[in-house]
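S.K.: Hey, dropping my_file.cif in here, mmCIF, C-alpha atoms:
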```
data_model
#
loop_
_atom_site.group_PDB
_atom_site.id
_atom_site.type_symbol
_atom_site.label_atom_id
_atom_site.label_comp_id
_atom_site.auth_asym_id
_atom_site.auth_seq_id
_atom_site.Cartn_x
_atom_site.Cartn_y
_atom_site.Cartn_z
ATOM 1 C CA MET A 134 -2.385 -10.212 0.236
ATOM 2 C CA ARG A 135 -0.941 -7.673 -2.170
ATOM 3 C CA TYR A 136 1.838 -5.218 -1.411
ATOM 4 C CA VAL A 137 2.901 -1.772 -2.577
ATOM 5 C CA ARG A 138 5.581 -1.892 -5.234
ATOM 6 C CA LEU A 139 8.030 0.496 -3.633
ATOM 7 C CA ASP A 140 11.572 0.249 -2.347
ATOM 8 C CA THR A 141 10.997 -0.104 1.389
ATOM 9 C CA PRO A 142 12.948 -2.219 3.910
ATOM 10 C CA LYS A 143 9.832 -4.289 4.634
ATOM 11 C CA PRO A 144 6.897 -4.942 2.294
ATOM 12 C CA ILE A 145 3.868 -2.741 2.932
ATOM 13 C CA SER A 146 0.546 -4.547 2.581
ATOM 14 C CA LYS A 147 -2.224 -2.907 0.588
ATOM 15 C CA ILE A 148 -4.544 -3.561 3.517
ATOM 16 C CA GLY A 149 -3.227 -2.599 6.929
ATOM 17 C CA LEU A 150 -4.846 -2.467 10.329
ATOM 18 C CA GLY A 151 -5.846 0.818 11.916
ATOM 19 C CA THR A 152 -5.910 0.652 15.708
ATOM 20 C CA TRP A 153 -7.566 3.875 16.856
ATOM 21 C CA GLN A 154 -10.211 1.701 18.497
ATOM 22 C CA PHE A 155 -7.646 -0.193 20.618
ATOM 23 C CA GLY A 156 -8.039 1.136 24.145
ATOM 24 C CA SER A 157 -10.485 3.845 23.061
ATOM 25 C CA LYS A 158 -13.918 3.501 24.675
ATOM 26 C CA GLU A 159 -15.549 6.052 22.385
ATOM 27 C CA TRP A 160 -15.981 3.401 19.681
ATOM 28 C CA GLY A 161 -18.455 1.583 21.909
ATOM 29 C CA TYR A 162 -16.938 -1.877 21.414
ATOM 30 C CA GLY A 163 -17.265 -2.825 25.095
ATOM 31 C CA PRO A 164 -14.912 -3.992 27.858
ATOM 32 C CA GLU A 165 -14.015 -7.289 26.146
ATOM 33 C CA TYR A 166 -12.579 -5.572 23.102
ATOM 34 C CA GLU A 167 -9.009 -5.466 24.415
ATOM 35 C CA ARG A 168 -8.891 -9.269 24.384
ATOM 36 C CA ARG A 169 -10.424 -9.360 20.908
ATOM 37 C CA ALA A 170 -7.890 -6.758 19.754
ATOM 38 C CA ALA A 171 -5.077 -9.242 20.318
ATOM 39 C CA GLU A 172 -6.966 -11.898 18.344
ATOM 40 C CA ILE A 173 -7.490 -9.438 15.481
ATOM 41 C CA VAL A 174 -3.780 -8.624 15.344
ATOM 42 C CA ARG A 175 -2.754 -12.279 15.318
ATOM 43 C CA ARG A 176 -5.221 -13.063 12.533
ATOM 44 C CA ALA A 177 -4.017 -10.064 10.530
ATOM 45 C CA LEU A 178 -0.490 -11.475 10.687
ATOM 46 C CA ASP A 179 -1.734 -14.846 9.440
ATOM 47 C CA LEU A 180 -3.377 -13.108 6.477
ATOM 48 C CA GLY A 181 -0.193 -11.349 5.368
ATOM 49 C CA VAL A 182 -0.953 -7.910 6.789
ATOM 50 C CA THR A 183 2.315 -6.075 7.444
ATOM 51 C CA LEU A 184 1.176 -2.483 8.113
ATOM 52 C CA PHE A 185 -0.100 -1.715 11.615
ATOM 53 C CA ASP A 186 -0.971 1.902 12.357
ATOM 54 C CA THR A 187 -1.382 3.503 15.777
ATOM 55 C CA ALA A 188 -0.716 6.830 17.490
ATOM 56 C CA GLU A 189 0.237 8.163 20.906
ATOM 57 C CA LEU A 190 -3.175 9.901 21.019
ATOM 58 C CA TYR A 191 -5.198 6.690 20.606
ATOM 59 C CA GLY A 192 -6.364 5.764 24.080
ATOM 60 C CA PHE A 193 -3.594 8.080 25.352
ATOM 61 C CA GLY A 194 -0.939 5.447 24.680
ATOM 62 C CA ARG A 195 -3.053 2.353 25.346
ATOM 63 C CA SER A 196 -3.385 1.540 21.641
ATOM 64 C CA GLU A 197 0.398 1.434 21.276
ATOM 65 C CA ARG A 198 0.747 -0.823 24.325
ATOM 66 C CA ILE A 199 -2.020 -3.194 23.226
ATOM 67 C CA LEU A 200 -0.650 -3.415 19.684
ATOM 68 C CA GLY A 201 2.934 -3.982 20.787
ATOM 69 C CA ALA A 202 1.922 -6.706 23.239
ATOM 70 C CA ALA A 203 -0.285 -8.433 20.650
ATOM 71 C CA LEU A 204 2.498 -8.498 18.057
ATOM 72 C CA GLY A 205 5.001 -9.938 20.525
ATOM 73 C CA ASP A 206 8.007 -11.482 18.792
ATOM 74 C CA ASP A 207 6.567 -10.548 15.391
ATOM 75 C CA ARG A 208 7.113 -6.831 15.988
ATOM 76 C CA ALA A 209 10.363 -6.899 14.010
ATOM 77 C CA LYS A 210 8.672 -8.477 10.978
ATOM 78 C CA VAL A 211 6.002 -5.830 10.384
ATOM 79 C CA VAL A 212 5.815 -2.155 9.503
ATOM 80 C CA LEU A 213 4.902 -0.445 12.760
ATOM 81 C CA ALA A 214 3.553 3.043 12.163
ATOM 82 C CA SER A 215 2.801 5.540 14.909
ATOM 83 C CA LYS A 216 2.081 9.243 15.056
ATOM 84 C CA ILE A 217 3.112 12.178 17.200
ATOM 85 C CA PHE A 218 0.332 14.505 18.313
ATOM 86 C CA PRO A 219 1.503 17.913 17.049
ATOM 87 C CA LEU A 220 1.372 19.833 20.339
ATOM 88 C CA LEU A 221 4.551 21.946 20.235
ATOM 89 C CA PRO A 222 6.276 19.617 17.722
ATOM 90 C CA VAL A 223 9.711 21.245 17.973
ATOM 91 C CA ALA A 224 12.766 19.047 17.443
ATOM 92 C CA PRO A 225 13.512 18.085 21.093
ATOM 93 C CA VAL A 226 9.837 17.273 21.778
ATOM 94 C CA VAL A 227 9.612 15.146 18.621
ATOM 95 C CA GLN A 228 12.625 13.162 19.787
ATOM 96 C CA GLN A 229 11.281 12.653 23.319
ATOM 97 C CA ARG A 230 7.851 11.560 22.134
ATOM 98 C CA ALA A 231 9.292 9.060 19.653
ATOM 99 C CA VAL A 232 11.276 7.444 22.453
ATOM 100 C CA ALA A 233 8.082 7.194 24.537
ATOM 101 C CA SER A 234 6.087 5.662 21.671
ATOM 102 C CA ALA A 235 8.818 3.115 20.949
ATOM 103 C CA ALA A 236 8.845 2.122 24.623
ATOM 104 C CA ARG A 237 5.074 1.598 24.660
ATOM 105 C CA LEU A 238 5.291 -0.459 21.476
ATOM 106 C CA GLY A 239 8.181 -2.474 22.901
ATOM 107 C CA VAL A 240 10.532 -1.831 19.981
ATOM 108 C CA ASP A 241 13.954 -0.310 19.410
ATOM 109 C CA GLY A 242 12.780 1.532 16.327
ATOM 110 C CA ILE A 243 9.554 2.780 14.711
ATOM 111 C CA ASP A 244 9.319 1.834 11.038
ATOM 112 C CA LEU A 245 7.127 4.802 10.077
ATOM 113 C CA TYR A 246 6.798 7.821 12.354
ATOM 114 C CA GLN A 247 4.185 10.349 11.285
ATOM 115 C CA VAL A 248 3.127 13.867 12.218
ATOM 116 C CA HIS A 249 -0.541 13.389 13.126
ATOM 117 C CA GLN A 250 -1.678 16.815 11.944
ATOM 118 C CA ALA A 251 -0.056 19.897 10.488
ATOM 119 C CA ASN A 252 0.557 22.442 13.249
ATOM 120 C CA PRO A 253 -0.705 25.875 12.136
ATOM 121 C CA VAL A 254 1.944 27.733 14.156
ATOM 122 C CA VAL A 255 5.043 25.521 14.342
ATOM 123 C CA ALA A 256 6.825 25.200 11.007
ATOM 124 C CA ASP A 257 7.803 21.794 9.681
ATOM 125 C CA THR A 258 11.392 23.024 9.598
ATOM 126 C CA THR A 259 11.910 22.298 13.292
ATOM 127 C CA THR A 260 9.646 19.236 13.320
ATOM 128 C CA MET A 261 11.584 17.628 10.503
ATOM 129 C CA ARG A 262 14.885 18.489 12.135
ATOM 130 C CA GLY A 263 13.764 16.279 15.002
ATOM 131 C CA MET A 264 12.662 13.566 12.592
ATOM 132 C CA ARG A 265 16.012 13.674 10.784
ATOM 133 C CA SER A 266 17.858 13.224 14.075
ATOM 134 C CA LEU A 267 15.655 10.227 14.894
ATOM 135 C CA GLN A 268 16.468 8.686 11.535
ATOM 136 C CA ASP A 269 20.177 9.348 11.995
ATOM 137 C CA VAL A 270 20.283 7.414 15.267
ATOM 138 C CA GLY A 271 18.106 4.601 13.904
ATOM 139 C CA LEU A 272 15.060 5.135 16.108
ATOM 140 C CA VAL A 273 12.891 5.962 13.090
ATOM 141 C CA GLY A 274 12.986 4.308 9.696
ATOM 142 C CA GLU A 275 10.681 6.283 7.415
ATOM 143 C CA VAL A 276 9.006 9.626 8.086
ATOM 144 C CA GLY A 277 5.398 10.325 7.222
ATOM 145 C CA VAL A 278 2.796 13.031 7.660
ATOM 146 C CA SER A 279 -0.957 12.946 8.149
ATOM 147 C CA ASN A 280 -3.733 15.297 7.081
ATOM 148 C CA TYR A 281 -1.314 17.390 5.018
ATOM 149 C CA GLY A 282 -2.152 19.168 1.798
ATOM 150 C CA LEU A 283 0.179 18.592 -1.138
ATOM 151 C CA ARG A 284 2.028 21.876 -0.759
ATOM 152 C CA ARG A 285 2.858 21.264 2.915
ATOM 153 C CA TRP A 286 3.732 17.612 2.238
ATOM 154 C CA ARG A 287 6.336 18.739 -0.282
ATOM 155 C CA PHE A 288 7.595 21.456 2.045
ATOM 156 C CA ALA A 289 7.992 18.890 4.843
ATOM 157 C CA GLU A 290 10.024 16.725 2.495
ATOM 158 C CA ALA A 291 12.256 19.645 1.587
ATOM 159 C CA ALA A 292 12.730 20.412 5.286
ATOM 160 C CA LEU A 293 13.609 16.786 6.036
ATOM 161 C CA GLY A 294 16.020 16.611 3.106
ATOM 162 C CA ARG A 295 14.817 13.048 2.454
ATOM 163 C CA ARG A 296 11.636 11.439 1.302
ATOM 164 C CA VAL A 297 8.550 11.799 3.425
ATOM 165 C CA LEU A 298 7.249 8.406 2.442
ATOM 166 C CA SER A 299 3.563 8.754 3.216
ATOM 167 C CA ASN A 300 0.640 11.039 3.832
ATOM 168 C CA GLN A 301 -2.187 9.531 5.878
ATOM 169 C CA VAL A 302 -5.474 11.169 4.934
ATOM 170 C CA ARG A 303 -9.202 10.551 5.002
ATOM 171 C CA TYR A 304 -9.993 8.835 1.714
ATOM 172 C CA SER A 305 -12.978 6.802 0.648
ATOM 173 C CA MET A 306 -15.598 6.691 -2.075
ATOM 174 C CA ILE A 307 -17.337 9.648 -0.433
ATOM 175 C CA ASP A 308 -14.189 11.524 0.645
ATOM 176 C CA ARG A 309 -12.426 11.774 -2.694
ATOM 177 C CA GLY A 310 -10.308 14.898 -2.222
ATOM 178 C CA PRO A 311 -6.972 13.012 -2.370
ATOM 179 C CA GLU A 312 -7.745 11.970 -5.955
ATOM 180 C CA GLU A 313 -7.237 15.572 -7.067
ATOM 181 C CA ASP A 314 -3.568 15.969 -6.177
ATOM 182 C CA LEU A 315 -2.214 13.730 -3.400
ATOM 183 C CA ILE A 316 -2.655 10.416 -5.195
ATOM 184 C CA PRO A 317 -1.263 11.659 -8.537
ATOM 185 C CA TYR A 318 1.747 13.058 -6.664
ATOM 186 C CA ALA A 319 2.300 9.786 -4.822
ATOM 187 C CA GLU A 320 2.257 7.835 -8.064
ATOM 188 C CA GLN A 321 4.609 10.282 -9.775
ATOM 189 C CA ALA A 322 7.081 10.598 -6.904
ATOM 190 C CA GLY A 323 7.021 7.046 -5.555
ATOM 191 C CA ARG A 324 5.236 7.910 -2.325
ATOM 192 C CA ILE A 325 2.237 6.411 -0.516
ATOM 193 C CA VAL A 326 -1.180 7.711 0.425
ATOM 194 C CA ILE A 327 -2.473 5.882 3.501
ATOM 195 C CA ALA A 328 -6.263 5.954 3.486
ATOM 196 C CA TYR A 329 -7.871 6.169 6.899
ATOM 197 C CA SER A 330 -11.646 5.820 7.255
ATOM 198 C CA PRO A 331 -11.740 4.047 3.854
ATOM 199 C CA LEU A 332 -15.237 2.831 4.754
ATOM 200 C CA ALA A 333 -16.288 6.273 6.012
ATOM 201 C CA GLN A 334 -16.429 4.820 9.548
ATOM 202 C CA GLY A 335 -18.782 2.097 8.334
ATOM 203 C CA PHE A 336 -21.169 4.243 6.292
ATOM 204 C CA LEU A 337 -20.172 2.295 3.172
ATOM 205 C CA SER A 338 -20.696 -1.089 4.814
ATOM 206 C CA GLY A 339 -24.436 -1.018 4.189
ATOM 207 C CA ARG A 340 -25.052 -1.988 7.815
ATOM 208 C CA TYR A 341 -26.792 1.248 8.727
ATOM 209 C CA ASP A 342 -29.850 3.116 7.540
ATOM 210 C CA ALA A 343 -32.177 5.819 8.841
ATOM 211 C CA THR A 344 -33.985 3.325 11.077
ATOM 212 C CA ASN A 345 -30.786 1.613 12.230
ATOM 213 C CA PRO A 346 -28.154 4.275 13.056
ATOM 214 C CA PRO A 347 -24.817 3.267 14.583
ATOM 215 C CA ALA A 348 -23.872 3.380 18.255
ATOM 216 C CA GLY A 349 -20.659 4.815 19.695
ATOM 217 C CA ALA A 350 -19.607 8.420 20.210
ATOM 218 C CA VAL A 351 -17.284 8.521 17.197
ATOM 219 C CA ARG A 352 -19.933 7.615 14.645
ATOM 220 C CA ARG A 353 -22.613 9.719 16.343
ATOM 221 C CA ALA A 354 -20.347 12.734 15.818
ATOM 222 C CA ASN A 355 -20.057 11.997 12.091
ATOM 223 C CA PRO A 356 -22.653 13.874 9.996
ATOM 224 C CA TYR A 357 -22.703 11.053 7.441
ATOM 225 C CA PHE A 358 -24.823 9.122 9.934
ATOM 226 C CA LEU A 359 -27.578 11.693 10.113
ATOM 227 C CA PRO A 360 -30.865 9.997 9.171
ATOM 228 C CA GLU A 361 -31.148 12.306 6.162
ATOM 229 C CA ASN A 362 -27.689 11.315 4.889
ATOM 230 C CA LEU A 363 -28.329 7.624 5.487
ATOM 231 C CA GLU A 364 -31.451 8.032 3.379
ATOM 232 C CA ARG A 365 -29.574 9.944 0.677
ATOM 233 C CA GLY A 366 -26.980 7.179 0.524
ATOM 234 C CA THR A 367 -29.500 4.487 -0.416
ATOM 235 C CA GLN A 368 -28.612 4.463 -4.123
ATOM 236 C CA LEU A 369 -24.884 4.504 -3.410
ATOM 237 C CA ILE A 370 -25.215 1.466 -1.146
ATOM 238 C CA ALA A 371 -27.393 -0.234 -3.767
ATOM 239 C CA THR A 372 -24.619 0.214 -6.349
ATOM 240 C CA LEU A 373 -22.057 -1.172 -3.921
ATOM 241 C CA ARG A 374 -24.291 -4.199 -3.347
ATOM 242 C CA GLU A 375 -24.721 -4.754 -7.073
ATOM 243 C CA VAL A 376 -20.969 -4.775 -7.708
ATOM 244 C CA ALA A 377 -20.413 -6.862 -4.574
ATOM 245 C CA ASP A 378 -22.837 -9.517 -5.806
ATOM 246 C CA ALA A 379 -20.801 -9.876 -9.002
ATOM 247 C CA HIS A 380 -17.693 -10.653 -6.927
ATOM 248 C CA ASP A 381 -19.380 -12.710 -4.204
ATOM 249 C CA ALA A 382 -18.207 -9.972 -1.861
ATOM 250 C CA THR A 383 -19.623 -7.450 0.609
ATOM 251 C CA PRO A 384 -20.221 -3.725 0.067
ATOM 252 C CA SER A 385 -17.342 -2.995 2.453
ATOM 253 C CA GLN A 386 -14.956 -5.093 0.385
ATOM 254 C CA ILE A 387 -15.940 -3.286 -2.797
ATOM 255 C CA ALA A 388 -15.520 0.103 -1.098
ATOM 256 C CA LEU A 389 -12.006 -0.980 -0.083
ATOM 257 C CA ALA A 390 -11.256 -2.273 -3.579
ATOM 258 C CA TYR A 391 -12.246 1.163 -4.889
ATOM 259 C CA VAL A 392 -9.479 2.954 -2.967
ATOM 260 C CA LEU A 393 -6.939 0.153 -3.488
ATOM 261 C CA ARG A 394 -7.319 0.401 -7.267
ATOM 262 C CA HIS A 395 -4.691 3.127 -7.106
ATOM 263 C CA PRO A 396 -1.268 1.423 -6.962
ATOM 264 C CA ASN A 397 0.214 3.826 -4.402
ATOM 265 C CA VAL A 398 -2.723 3.771 -1.997
ATOM 266 C CA VAL A 399 -2.975 1.505 1.029
ATOM 267 C CA ALA A 400 -5.961 1.373 3.376
ATOM 268 C CA ILE A 401 -6.003 0.946 7.153
ATOM 269 C CA PRO A 402 -9.564 0.061 8.155
ATOM 270 C CA GLY A 403 -10.195 -0.887 11.745
ATOM 271 C CA ALA A 404 -11.825 -4.150 12.709
ATOM 272 C CA SER A 405 -14.308 -4.971 15.435
ATOM 273 C CA GLY A 406 -13.580 -8.694 15.247
ATOM 274 C CA VAL A 407 -11.575 -11.414 13.532
ATOM 275 C CA GLU A 408 -14.187 -12.002 10.824
ATOM 276 C CA GLN A 409 -14.131 -8.346 9.816
ATOM 277 C CA MET A 410 -10.345 -8.465 9.657
ATOM 278 C CA GLU A 411 -10.590 -11.451 7.324
ATOM 279 C CA ARG A 412 -13.064 -9.669 5.067
ATOM 280 C CA ASN A 413 -10.923 -6.545 4.956
ATOM 281 C CA ALA A 414 -7.819 -8.506 4.007
ATOM 282 C CA ALA A 415 -9.678 -10.369 1.262
ATOM 283 C CA ALA A 416 -10.616 -7.053 -0.361
ATOM 284 C CA ALA A 417 -6.998 -6.640 -1.495
ATOM 285 C CA GLU A 418 -7.553 -9.475 -3.981
ATOM 286 C CA ILE A 419 -10.589 -7.929 -5.703
ATOM 287 C CA ASP A 420 -10.017 -6.498 -9.175
ATOM 288 C CA LEU A 421 -12.757 -4.127 -10.282
ATOM 289 C CA ALA A 422 -13.599 -4.062 -13.966
ATOM 290 C CA ASP A 423 -13.504 -0.673 -15.665
ATOM 291 C CA ASP A 424 -17.288 -0.512 -15.989
ATOM 292 C CA GLU A 425 -17.730 -1.449 -12.324
ATOM 293 C CA TYR A 426 -15.319 1.263 -11.249
ATOM 294 C CA ALA A 427 -17.127 3.775 -13.471
ATOM 295 C CA ALA A 428 -20.469 2.819 -11.903
ATOM 296 C CA LEU A 429 -19.043 3.327 -8.408
ATOM 297 C CA VAL A 430 -17.589 6.696 -9.377
ATOM 298 C CA ALA A 431 -20.932 7.817 -10.789
ATOM 299 C CA ALA A 432 -22.822 6.670 -7.682
ATOM 300 C CA ALA A 433 -20.329 8.413 -5.418
ATOM 301 C CA HIS A 434 -20.618 11.667 -7.355
ATOM 302 C CA ALA A 435 -24.414 11.491 -7.164
ATOM 303 C CA PHE A 436 -24.344 11.234 -3.363
ATOM 304 C CA ARG A 437 -24.868 14.692 -1.863
ATOM 305 C CA PRO A 438 -24.668 14.500 1.946
ATOM 306 C CA VAL A 439 -25.485 17.325 4.321
ATOM 307 C CA THR A 440 -22.165 18.312 5.916
ATOM 308 C CA GLY A 441 -20.393 21.310 7.417
ATOM 309 C CA LEU A 442 -22.353 24.048 9.124
ATOM 310 C CA ALA A 443 -25.603 22.892 7.530
ATOM 311 C CA ALA A 444 -25.305 19.598 9.417
ATOM 312 C CA VAL A 445 -24.889 21.147 12.876
ATOM 313 C CA PRO A 446 -28.551 21.854 13.729
ATOM 314 C CA ARG A 447 -29.562 18.460 12.348
ATOM 315 C CA MET A 448 -26.962 16.726 14.515
ATOM 316 C CA VAL A 449 -28.197 18.602 17.587
ATOM 317 C CA ARG A 450 -31.764 17.539 16.875
ATOM 318 C CA ALA A 451 -30.626 13.935 16.303
ATOM 319 C CA ARG A 452 -28.809 13.921 19.647
ATOM 320 C CA LEU A 453 -31.935 15.228 21.384
ATOM 321 C CA GLY A 454 -34.105 12.653 19.664
ATOM 322 C CA ARG A 455 -36.243 15.215 17.891
#
```
Kindly present the structure from the file in structure tokens form.
M.R.:
Amino acid sequence: MRYVRLDTPKPISKIGLGTWQFGSKEWGYGPEYERRAAEIVRRALDLGVTLFDTAELYGFGRSERILGAALGDDRAKVVLASKIFPLLPVAPVVQQRAVASAARLGVDGIDLYQVHQANPVVADTTTMRGMRSLQDVGLVGEVGVSNYGLRRWRFAEAALGRRVLSNQVRYSMIDRGPEEDLIPYAEQAGRIVIAYSPLAQGFLSGRYDATNPPAGAVRRANPYFLPENLERGTQLIATLREVADAHDATPSQIALAYVLRHPNVVAIPGASGVEQMERNAAAAEIDLADDEYAALVAAAHAFRPVTGLAAVPRMVRARLGR
């Protein structure tokens, strides 16, 4: 495993474990998944993974409970990251919700506490006042944000009066917006971009095509999995396979290596089983050659999916089986 080269109390692994799927039935992993979740966490620890990300919203607290129980006595050794859902995130509410998350996780302090989404009405001034108080009493180590643009990330940091260590955003080969400003800022300022959905919810795994769409409510709601987009992604997946063959790897591992090539980016893919966790962790060791990276960039730029409003009628028809 490789780790981010930053001054943090605990090392942060380049590959972490995202746990949205813990306790959340919408992923379609079945009733036995809670038991497998514990096995995934234990294997992640064996592989050197130190970053475990959850949120109070995931399974309405069940993800935090499952993760905390699975970590057991190792909770103090890892970087536990959780997120507050930004419903009225004023200072007293931020403090109360952090206490509740820590209790569900079974810890005295949360290593990284993040604002799950920028609130369009409540200013970060009051939210960060709550975060600063949590840091002052030792309940929170580092503060992070999620789904923030660069301007609001920097404003949040000014409001906190300390570093806002991380910004957790959607980032993958086909969601490259963070490359424009967030990643350059992180590298310049010594901050971290945490990439969620680094495999575009499995689109980049090569497992799915127009005749084999995914199951589960989460993926069915993602326009990338429209039959038309799965068809349009054929050449992109072919390029991933070509690079993967050169490294005796899988397309998913190469897609992860793509985002990890940036020194201040870490990725938090989920895992449906122990074997997937092992493959994800191994991706941290893959070094892409310059020509391989250039080929992936070109293939990603050539992919033109149907998204936004244009995807809505197609998604309706797909749901109705028409």
S.K.: Evaluate the PyMOL selection byres ((chain A and resi 328-337) around 6) against this structure - the residues, as a PyMOL selection string, please.
M.R.: chain A and resi 301-305+327+338-339+400-401
S.K.: Could you check how far CA of Gly239 (chain A) sits from CA of Gly205 (chain A), in Å to one decimal?
M.R.: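 Spanning CA of Gly239 (chain A) to CA of Gly205 (chain A) is a straight-line distance of 8.5 Å.
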S.K.: Take the PyMOL selection byres ((chain A and resi 413-416) around 8), run it mentally on this structure, and tell me the resulting residues as a list in words.
M.R.: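 Applied to this file, the PyMOL selection byres ((chain A and resi 413-416) around 8) returns Met134, Ile148, Ala177, Leu180, Val182, Ser385, Gln386, Ile387, Leu389, Ala390, Pro402, Gln409, Met410, Glu411, Arg412, Ala417, Glu418 and Ile419 of chain A.
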S.K.: Check the smallest atom-to-atom distance from each of A:Gly403, A:Glu425, A:Pro142, A:Ala354 to Arg374 (chain A) using all atoms listed in the file, then report the winner.
M.R.: A:Glu425
S.K.: What is the distance between CA of Val226 (chain A) and CA of Glu290 (chain A), in Å to one decimal?
M.R.: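 The value is 19.3 Å.
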S.K.: Using all atoms listed in the file for the distances, tell me which of A:Glu313, A:Asp140, A:Asp206, A:Glu189 is nearest to Ala235 (chain A).
M.R.: A:Glu189
S.K.: Counting all atoms listed in the file, figure out which residue out of A:Val273, A:Ile307, A:Ile325, A:Val223 gets nearest to Trp286 (chain A).
M.R.: A:Ile325
S.K.: Could you please determine the separation between CA of Gly263 (chain A) and CA of Val227 (chain A) in Å, to one decimal place?
M.R.: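 So the answer is 5.6 Å.
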S.K.: The PyMOL selection byres ((chain A and resi 210) around 12) on the file shown: which residues, as a PyMOL selection string?
M.R.: chain A and resi 142-145+178+181-185+204-209+211-213+240+243-244
S.K.: Using all atoms listed in the file, can you list as a list in words the residues within 8 Å of (-11.9, -5.3, 18.4)?
M.R.: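 The answer, in the requested form, is Gln154, Phe155, Tyr162, Tyr166, Glu167, Arg168, Arg169, Ala170, Ile173, Ala404, Ser405, Gly406 and Val407 of chain A.
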S.K.: From the set A:Gly194, A:Pro222, A:Pro438, A:Pro346, which residue has the shortest atom-to-atom contact distance to Ala236 (chain A), counting only C-alpha atoms?
M.R.: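 Using only C-alpha atoms, the shortest distance to Ala236 (chain A) belongs to A:Gly194.
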S.K.: Between A:Asp179, A:Leu238, A:Ala322, A:Val392, which is the closest to Arg195 (chain A) once you count only C-alpha atoms?
M.R.: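 Going through A:Asp179, A:Leu238, A:Ala322, A:Val392 one by one, the smallest distance to Arg195 (chain A) is for A:Leu238.
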S.K.: I want to know what sits within 10 Å of Leu245 (chain A), based on all atoms listed in the file, with residues of the same chain fewer than 3 positions away left out; could you give that as a CSV table (one decimal) with C-alpha atoms, in the coordinates of the input?
M.R.:
```
chain,number,residue,atom,x,y,z
A,184,LEU,CA,1.2,-2.5,8.1
A,185,PHE,CA,-0.1,-1.7,11.6
A,186,ASP,CA,-1.0,1.9,12.4
A,212,VAL,CA,5.8,-2.2,9.5
A,213,LEU,CA,4.9,-0.4,12.8
A,214,ALA,CA,3.6,3.0,12.2
A,215,SER,CA,2.8,5.5,14.9
A,216,LYS,CA,2.1,9.2,15.1
A,242,GLY,CA,12.8,1.5,16.3
A,272,LEU,CA,15.1,5.1,16.1
A,273,VAL,CA,12.9,6.0,13.1
A,274,GLY,CA,13.0,4.3,9.7
A,275,GLU,CA,10.7,6.3,7.4
A,276,VAL,CA,9.0,9.6,8.1
A,277,GLY,CA,5.4,10.3,7.2
A,278,VAL,CA,2.8,13.0,7.7
A,297,VAL,CA,8.6,11.8,3.4
A,298,LEU,CA,7.2,8.4,2.4
A,299,SER,CA,3.6,8.8,3.2
```
S.K.: For each of A:Leu190, A:Gln229, A:Asn355, A:Glu364, take the minimum atom-to-atom distance to Gly441 (chain A), counting all atoms listed in the file, then give the residue where this is smallest.
M.R.: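 Distance minimum relative to Gly441 (chain A) lands on A:Asn355.
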S.K.: Around region 194-199 of chain A, with edges along x, y and z and 3 Å added on all six sides, what centre and edge lengths do you get, in Å to one decimal, as lines of an AutoDock Vina configuration file?
M.R.:
```
center_x = -1.3
center_y = 1.1
center_z = 23.3
size_x = 10.1
size_y = 14.6
size_z = 10.1
```
